[in-house]
Amino acid sequence: MLRLPGLIDPHVHLREPGATHKEDWDTGTAAALAGGFTTVLAMPNTRPPVTDAATLALALAAAAKARCDYAQFLGAGADNSASAPALAADVAGLKMYLDQTYGPLRLDALTDWQAHFASWPTARPIVAHAEDRTLAAVILMAALYRRPVHLAHVSLRDEILLIRKAKEQGLPVTCEVAPHHLFLTEDDIPQLGSGRGEVRPRLATAADVLNQVNEPDRNTVLLDVRTEAEYLSDGKIPSSVIWDFADNFSKDGTFKTVETTRINYLNRGMRPENRIIVYCQTSMRAAPVFLRLYDAGYRNIRIYDGAYLEWSGNPNSPIEMPAGAVAPSSKDAS
């Protein structure tokens with residue numbers, strides 16, 4: 001017999017109040033105990049979502065029927081960054097939904113992200129539901145605000161590699177993986193049922209980029225958000241517009257206003273009706289630029305997922321170099 005201490009599940013959805021036909025505090029915590037879990041941390045995307053003192057009291061009243069130890073997360077909303085810190089001592093942490101979720105808690109505006117990162121007590125956890133590019137963006141946000149962030153239900157290889165890289169750079173990033181992401185793949189969808197295979201934002205491929213190089217569409221813009229120095233040493237994808245990632249920030253490290261961002265991109269010839277393909281060296285910088293463009297009213301945006309690392313590493317990909325410079329034969333991610 002193997003004896004273990006009581007396990008802790010940091011991510012449960014007990015769906016009470018609002019959806020007890022799926023789960024409630026009684027059935028969910030009974031199931032937890034049956035599986036060896038003696039503590040659960042409940043997510044706030046209930047109906048109504050847990051975002052203030054009143055809804056927190058409602059959730060904790062429902063939790064009176066819990067069969068094991070528990071704590072409740074508070075949800076980060078577009079209008080509670082100023083009031084949420086007063087509840088920090090009473091909750092497990094702050095949960096930020098940066099991608100599609102059950103209920104109305106998704107945060108699309110980067111200004112809302114910044115407000116919560118700036119106001120939430122540094123000694124209390126921030127947990128983020130972030131996928132793919134928003135995961136890269138929230139790691140950047142954690143670095144800018146010099147505070148830890150925990151990433152919920154990581155599911156993709158690229159996300160794990162990015163988190164590993166962040167940890168190697170000394171960033172205080174942690175993550176969790178759900179069993180279904182460990183043991184199920186897209187091949188299981190026909191058996192399980194459809195509707196779970198879509199991801200957003202849609203990604204641009206190398207073929208999309210090459211098509212723009214060979215047959216330019218005046219309504220499509222290739223946006224290179226690397227530095228001028230990177231262009232001078234490594235070149236760029238032909239016809240790309242250079243716009244340094246750092247130019248999206250003010251001197252204090254916060255994002256420039258949405259209006260300033262919109263004017264800057266318009267001055268660079270990028271209009272909301274354009275199709276914009278954003279790239280950098282590894283997609284790390286392209287992700288927050290994608291979000292900033294979205295905030296500024298742009299909707300037809302893609303990220304070139306392979307980034308310049310893939311492009312410059314392919315000997316068949318054309319590279320535009322400054323006059324007199326020689327194109328590199330290959331590039332790494334450093």
# chains A, B, ... in the order shown; residues from 1 in each chain; ligands from 1
$ residues_around --residues "Asp9 (chain A)" --least-positions-apart "6" --cutoff "12 Å" --atoms "only C-alpha atoms" --output "list in words"
Gly28, Thr29, Ala31, Ala32, Leu33, Gly35, Gly36, Phe37, Thr38, Thr39, Val40, Leu41, Ala42, Met43, Cys68, Asp69, Tyr70, Ala71, Ala152, His153, Glu176, Val177, Ala178 and Pro179 of chain A
$ residues_around --residues "Thr282 (chain A)" --least-positions-apart "5" --cutoff "8 Å" --atoms "only C-alpha atoms" --output "mmCIF file with N, CA, C and O atoms, in the first residue's frame"
data_model
loop_
_atom_site.group_PDB
_atom_site.id
_atom_site.type_symbol
_atom_site.label_atom_id
_atom_site.label_comp_id
_atom_site.auth_asym_id
_atom_site.auth_seq_id
_atom_site.Cartn_x
_atom_site.Cartn_y
_atom_site.Cartn_z
ATOM 1 N N ASP A 305 2.980 31.997 -36.761
ATOM 2 C CA ASP A 305 3.353 31.158 -35.626
ATOM 3 C C ASP A 305 4.814 30.721 -35.671
ATOM 4 O O ASP A 305 5.493 30.675 -34.653
ATOM 5 N N GLY A 306 5.308 30.397 -36.862
ATOM 6 C CA GLY A 306 6.695 29.955 -36.964
ATOM 7 C C GLY A 306 7.701 31.066 -36.729
ATOM 8 O O GLY A 306 8.850 30.816 -36.359
ATOM 9 N N ALA A 307 7.262 32.299 -36.966
ATOM 10 C CA ALA A 307 8.047 33.509 -36.702
ATOM 11 C C ALA A 307 9.304 33.570 -37.583
ATOM 12 O O ALA A 307 9.535 32.725 -38.447
ATOM 13 N N TYR A 308 10.134 34.592 -37.344
ATOM 14 C CA TYR A 308 11.326 34.772 -38.174
ATOM 15 C C TYR A 308 12.341 33.651 -37.946
ATOM 16 O O TYR A 308 13.179 33.374 -38.811
ATOM 17 N N LEU A 309 12.255 32.997 -36.803
ATOM 18 C CA LEU A 309 13.125 31.854 -36.530
ATOM 19 C C LEU A 309 12.919 30.771 -37.586
ATOM 20 O O LEU A 309 13.880 30.222 -38.134
ATOM 21 N N ALA A 333 17.182 30.858 -31.465
ATOM 22 C CA ALA A 333 16.174 31.606 -30.707
ATOM 23 C C ALA A 333 16.779 32.505 -29.657
ATOM 24 O O ALA A 333 16.074 33.028 -28.816
#
$ closest_residue --among "A:Ser240, A:Thr260, A:Thr174, A:Asn211" --to "Asp224 (chain A)" --atoms "only C-alpha atoms"
A:Ser240
$ closest_residue --among "A:Pro315, A:Ala66, A:Arg3, A:Met96" --to "Asp108 (chain A)" --atoms "only C-alpha atoms"
A:Met96
$ select_by_dssp --residues "region 102-187 of chain A" --states "helix (DSSP H, G or I)" --output "PyMOL selection string"
chain A and resi 110-119+133-145+157-168+179-183+186-187
$ residues_around --residues "Pro318 (chain A)" --least-positions-apart "3" --cutoff "10 Å" --atoms "only C-alpha atoms" --output "compact mmCIF listing (two decimals) with N, CA and C atoms, in the first residue's frame"
# COMPACT_ATOMS: atom_id res chain seq x y z
N LEU A 210 4.52 33.57 -47.41
CA LEU A 210 5.19 33.47 -48.71
C LEU A 210 4.28 33.95 -49.83
N VAL A 213 4.53 37.60 -49.97
CA VAL A 213 5.80 38.03 -50.54
C VAL A 213 5.78 37.92 -52.06
N ASN A 214 5.28 36.79 -52.58
CA ASN A 214 5.31 36.53 -54.01
C ASN A 214 4.21 37.26 -54.78
N GLY A 235 18.14 40.86 -41.34
CA GLY A 235 17.20 41.02 -42.42
C GLY A 235 15.76 40.90 -41.97
N LYS A 236 14.85 40.87 -42.95
CA LYS A 236 13.43 40.76 -42.65
C LYS A 236 12.74 40.04 -43.80
N ILE A 237 11.49 39.67 -43.59
CA ILE A 237 10.68 39.12 -44.66
C ILE A 237 10.39 40.25 -45.65
N PRO A 238 10.62 40.04 -46.94
CA PRO A 238 10.42 41.12 -47.92
C PRO A 238 9.05 41.77 -47.81
N TRP A 311 11.35 31.24 -40.58
CA TRP A 311 11.56 31.82 -41.91
C TRP A 311 13.04 31.86 -42.28
N SER A 312 13.84 32.43 -41.37
CA SER A 312 15.26 32.59 -41.69
C SER A 312 16.02 31.28 -41.68
N ASN A 314 14.91 28.58 -43.11
CA ASN A 314 14.58 27.86 -44.33
C ASN A 314 15.37 28.45 -45.49
N PRO A 315 16.28 27.71 -46.10
CA PRO A 315 17.12 28.27 -47.18
C PRO A 315 16.32 28.70 -48.40
N MET A 321 17.66 42.12 -47.00
CA MET A 321 18.73 42.66 -46.16
C MET A 321 18.98 44.13 -46.47
N ALA A 327 22.74 37.99 -46.10
CA ALA A 327 21.70 37.26 -45.37
C ALA A 327 22.31 36.15 -44.54
$ residues_around --residues "Tyr265 (chain A)" --least-positions-apart "6" --cutoff "10 Å" --atoms "only C-alpha atoms" --output "PyMOL selection string"
chain A and resi 243+248+271-272+293+296
$ write_last_selection --atoms "C-alpha atoms" --output "mmCIF file, in the first residue's frame"
data_model
loop_
_atom_site.group_PDB
_atom_site.id
_atom_site.type_symbol
_atom_site.label_atom_id
_atom_site.label_comp_id
_atom_site.auth_asym_id
_atom_site.auth_seq_id
_atom_site.Cartn_x
_atom_site.Cartn_y
_atom_site.Cartn_z
ATOM 1 C CA TRP A 243 7.561 48.657 -36.003
ATOM 2 C CA ASN A 248 3.978 50.159 -27.914
ATOM 3 C CA ARG A 271 -5.848 50.473 -41.248
ATOM 4 C CA PRO A 272 -8.507 48.474 -39.380
ATOM 5 C CA LEU A 293 -3.997 45.884 -32.239
ATOM 6 C CA ALA A 296 -7.172 49.566 -31.133
#
$ closest_residue --among "A:Pro121, A:Ala84, A:Ser317, A:Asn300" --to "Ala207 (chain A)" --atoms "only C-alpha atoms"
A:Ser317
